[in-house]
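A.B. asks: Dropping the structure in here first, questions after.
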Amino acid sequence: MRPVNEKLASDILEAGKREFLEKGFAGVNMRSLASSLGVTTGAIYRYYSDKEELFSALVDGPAMELVERYRRVQKEFAAQELQAQVAGLPEVSEDGQAWMMSFIYDNFDAFKLITCCAAGTRYEHYTDILAEIETESGIRMVSQMREAGYVVQPMDDELIHMVSTMLFNGIFETVRHDMPREKAMAHMTTLKDFYSAGWFKILGIKEA
């Protein structure tokens, strides 16, 4: 069992966050981190086996919660009647997109680390996980539309993936640029409108 010194544990997390934000994951080493805290590297290793474990401790909770809640949003969307799904494009409602942006900003440092400092960690392609959830939902909905007799313009899985990736790249641009919360929320609303209109256009259907 690892020893617990609550102050040191908190100091390590704060120093780790500061170092990662300043230097990126690749630029941080345990020796310099220990030096900044005035402790030995052995003191840090009692809490974290390596810097990736420390990085994960800083981001795991918010990162996984966002993924799991977004999966639930998509399941709830898919459970609606097809007509309601089509009318409600994109799959993130106004309440859903407001929650998502609020959650990101409530955990801003964690998502800043993921978005800007995660190269070399398992979070390097984190937005791809969210985009894949969106892609699967889009593919399923387009398939259901065709089965129901909708006249849908040709749209393959790769195109749906591209559109989904663009959505999440846009969302996390607010974090990359340290955009104030209020401005980010306004841009998210505009992005949703843009994305919704784009879906109607490329599917070849009239907006409800």
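As shown in the structure tokens, the chain order sets the letters A, B, ...; within each chain, residues go from 1, and ligands are also counted from 1 in the order they appear.
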Compile the contact shell of A:Thr190 as an mmCIF file with all heavy atoms, in the first residue's frame: residues with an atom at most 12 Å away, counting only C-alpha atoms, same-chain residues fewer than 6 positions apart removed.

C.D. replies:
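Contents of selection_39.cif, as written:
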```cif
data_model
loop_
_atom_site.group_PDB
_atom_site.id
_atom_site.type_symbol
_atom_site.label_atom_id
_atom_site.label_comp_id
_atom_site.auth_asym_id
_atom_site.auth_seq_id
_atom_site.Cartn_x
_atom_site.Cartn_y
_atom_site.Cartn_z
ATOM 1 N N GLU A 94 -29.860 20.981 -27.679
ATOM 2 C CA GLU A 94 -29.348 22.215 -27.081
ATOM 3 C C GLU A 94 -28.957 21.984 -25.634
ATOM 4 O O GLU A 94 -27.926 22.473 -25.167
ATOM 5 C CB GLU A 94 -30.396 23.323 -27.194
ATOM 6 C CG GLU A 94 -30.566 23.837 -28.618
ATOM 7 C CD GLU A 94 -31.426 25.084 -28.675
ATOM 8 O OE1 GLU A 94 -31.699 25.656 -27.600
ATOM 9 O OE2 GLU A 94 -31.817 25.471 -29.777
ATOM 10 N N GLN A 97 -25.650 19.901 -25.711
ATOM 11 C CA GLN A 97 -24.442 20.649 -26.071
ATOM 12 C C GLN A 97 -24.081 21.644 -24.978
ATOM 13 O O GLN A 97 -22.908 21.909 -24.729
ATOM 14 C CB GLN A 97 -24.594 21.327 -27.444
ATOM 15 C CG GLN A 97 -25.752 22.281 -27.602
ATOM 16 C CD GLN A 97 -25.417 23.730 -27.302
ATOM 17 O OE1 GLN A 97 -24.267 24.046 -27.056
ATOM 18 N NE2 GLN A 97 -26.411 24.579 -27.318
ATOM 19 N N ALA A 98 -25.095 22.210 -24.294
ATOM 20 C CA ALA A 98 -24.811 23.117 -23.180
ATOM 21 C C ALA A 98 -24.142 22.362 -22.050
ATOM 22 O O ALA A 98 -23.184 22.851 -21.436
ATOM 23 C CB ALA A 98 -26.103 23.774 -22.699
ATOM 24 N N LEU A 167 -16.714 18.123 -36.067
ATOM 25 C CA LEU A 167 -17.506 18.626 -34.954
ATOM 26 C C LEU A 167 -16.665 18.729 -33.693
ATOM 27 O O LEU A 167 -16.632 19.772 -33.031
ATOM 28 C CB LEU A 167 -18.713 17.713 -34.709
ATOM 29 C CG LEU A 167 -19.516 17.997 -33.435
ATOM 30 C CD1 LEU A 167 -20.188 19.372 -33.519
ATOM 31 C CD2 LEU A 167 -20.548 16.906 -33.192
ATOM 32 N N GLY A 170 -13.893 21.252 -33.697
ATOM 33 C CA GLY A 170 -14.435 22.583 -33.452
ATOM 34 C C GLY A 170 -14.714 22.823 -31.985
ATOM 35 O O GLY A 170 -14.391 23.896 -31.439
ATOM 36 N N ILE A 171 -15.309 21.841 -31.323
ATOM 37 C CA ILE A 171 -15.609 21.987 -29.896
ATOM 38 C C ILE A 171 -14.345 22.252 -29.090
ATOM 39 O O ILE A 171 -14.291 23.156 -28.248
ATOM 40 C CB ILE A 171 -16.331 20.732 -29.374
ATOM 41 C CG1 ILE A 171 -17.754 20.661 -29.951
ATOM 42 C CG2 ILE A 171 -16.365 20.721 -27.841
ATOM 43 C CD1 ILE A 171 -18.476 19.360 -29.668
ATOM 44 N N LYS A 183 -18.029 32.977 -24.323
ATOM 45 C CA LYS A 183 -17.787 32.995 -25.760
ATOM 46 C C LYS A 183 -17.829 31.577 -26.323
ATOM 47 O O LYS A 183 -18.373 31.345 -27.418
ATOM 48 C CB LYS A 183 -16.433 33.638 -26.047
ATOM 49 C CG LYS A 183 -16.171 33.887 -27.525
ATOM 50 C CD LYS A 183 -14.875 34.668 -27.717
ATOM 51 C CE LYS A 183 -14.651 34.996 -29.198
ATOM 52 N NZ LYS A 183 -13.404 35.781 -29.399
ATOM 53 N N ALA A 184 -17.272 30.633 -25.579
ATOM 54 C CA ALA A 184 -17.286 29.236 -26.020
ATOM 55 C C ALA A 184 -18.714 28.716 -26.129
ATOM 56 O O ALA A 184 -19.062 27.997 -27.075
ATOM 57 C CB ALA A 184 -16.475 28.369 -25.055
ATOM 58 N N SER A 196 -25.958 21.234 -37.935
ATOM 59 C CA SER A 196 -27.307 20.769 -38.245
ATOM 60 C C SER A 196 -27.663 21.055 -39.701
ATOM 61 O O SER A 196 -28.134 20.176 -40.432
ATOM 62 C CB SER A 196 -28.312 21.448 -37.312
ATOM 63 O OG SER A 196 -29.623 21.048 -37.625
ATOM 64 N N ALA A 197 -27.434 22.309 -40.133
ATOM 65 C CA ALA A 197 -27.733 22.674 -41.516
ATOM 66 C C ALA A 197 -26.915 21.841 -42.494
ATOM 67 O O ALA A 197 -27.411 21.444 -43.563
ATOM 68 C CB ALA A 197 -27.443 24.164 -41.732
#
```

A.B. asks: Which of stretch 12-207 of chain A counts as helix (DSSP H, G or I) under DSSP, as a PyMOL selection string please?

C.D. replies: chain A and resi 12-23+25-27+30-37+41-45+51-78+82-87+94-106+108-117+126-147+157-176+181-203

A.B. asks: Using only C-alpha atoms, which of the listed residues (A:Val163, A:Val67, A:Ile12, A:Leu54) sits closest to A:Thr40?

C.D. replies: A:Ile12

A.B. asks: Rank A:Ser10, A:Asn107, A:Asn5, A:Asn29 by their smallest atom-to-atom distance to A:Ala63, using only C-alpha atoms, and report the top residue only.

C.D. replies: A:Asn107

A.B. asks: When you look at A:Met185 with a cut-off of 12 Å (counting only C-alpha atoms), what residues show up, excluding the ones that are within fewer than 5 positions of it in the same chain? I need them as a PyMOL selection string.

C.D. replies: chain A and resi 94-105+171-172+174-175+179-180+190-192

A.B. asks: Can you work out which one of A:Arg71, A:Asp109, A:Ser164, A:Leu130 has the shortest atom-to-atom distance to A:Gly198, counting only C-alpha atoms?

C.D. replies: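 Nearest candidate to A:Gly198 out of A:Arg71, A:Asp109, A:Ser164, A:Leu130: A:Ser164.
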
A.B. asks: Find, counting only C-alpha atoms, the residue in A:Gly61, A:Ile114, A:His177, A:Ile202 that gets nearest to A:Met155.

C.D. replies: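 The shortest atom-to-atom distance to A:Met155 comes from A:Ile202.
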
A.B. asks: Would you mind listing, for every residue of stretch 11-129 of chain A within 9 Å of stretch 140-143 of chain A, the two atoms forming the shortest contact and the distance between them in Å to one decimal, using only C-alpha atoms, sorted by chain and ascending residue number, as a tab-separated table?

C.D. replies:
```
residue	atom	partner	partner_atom	distance
A:Ala78	CA	A:Met141	CA	7.7
A:Leu82	CA	A:Met141	CA	7.7
A:Gln85	CA	A:Met141	CA	7.8
A:Val86	CA	A:Met141	CA	8.2
```

A.B. asks: With C-alpha atoms retained, could you export that selection as a compact mmCIF listing (two decimals), in the first residue's frame?

C.D. replies:
```txt
# COMPACT_ATOMS: atom_id res chain seq x y z
CA ALA A 78 -31.19 6.47 -31.06
CA LEU A 82 -36.75 8.03 -36.65
CA GLN A 85 -34.14 11.86 -34.91
CA VAL A 86 -34.19 13.45 -38.35
```
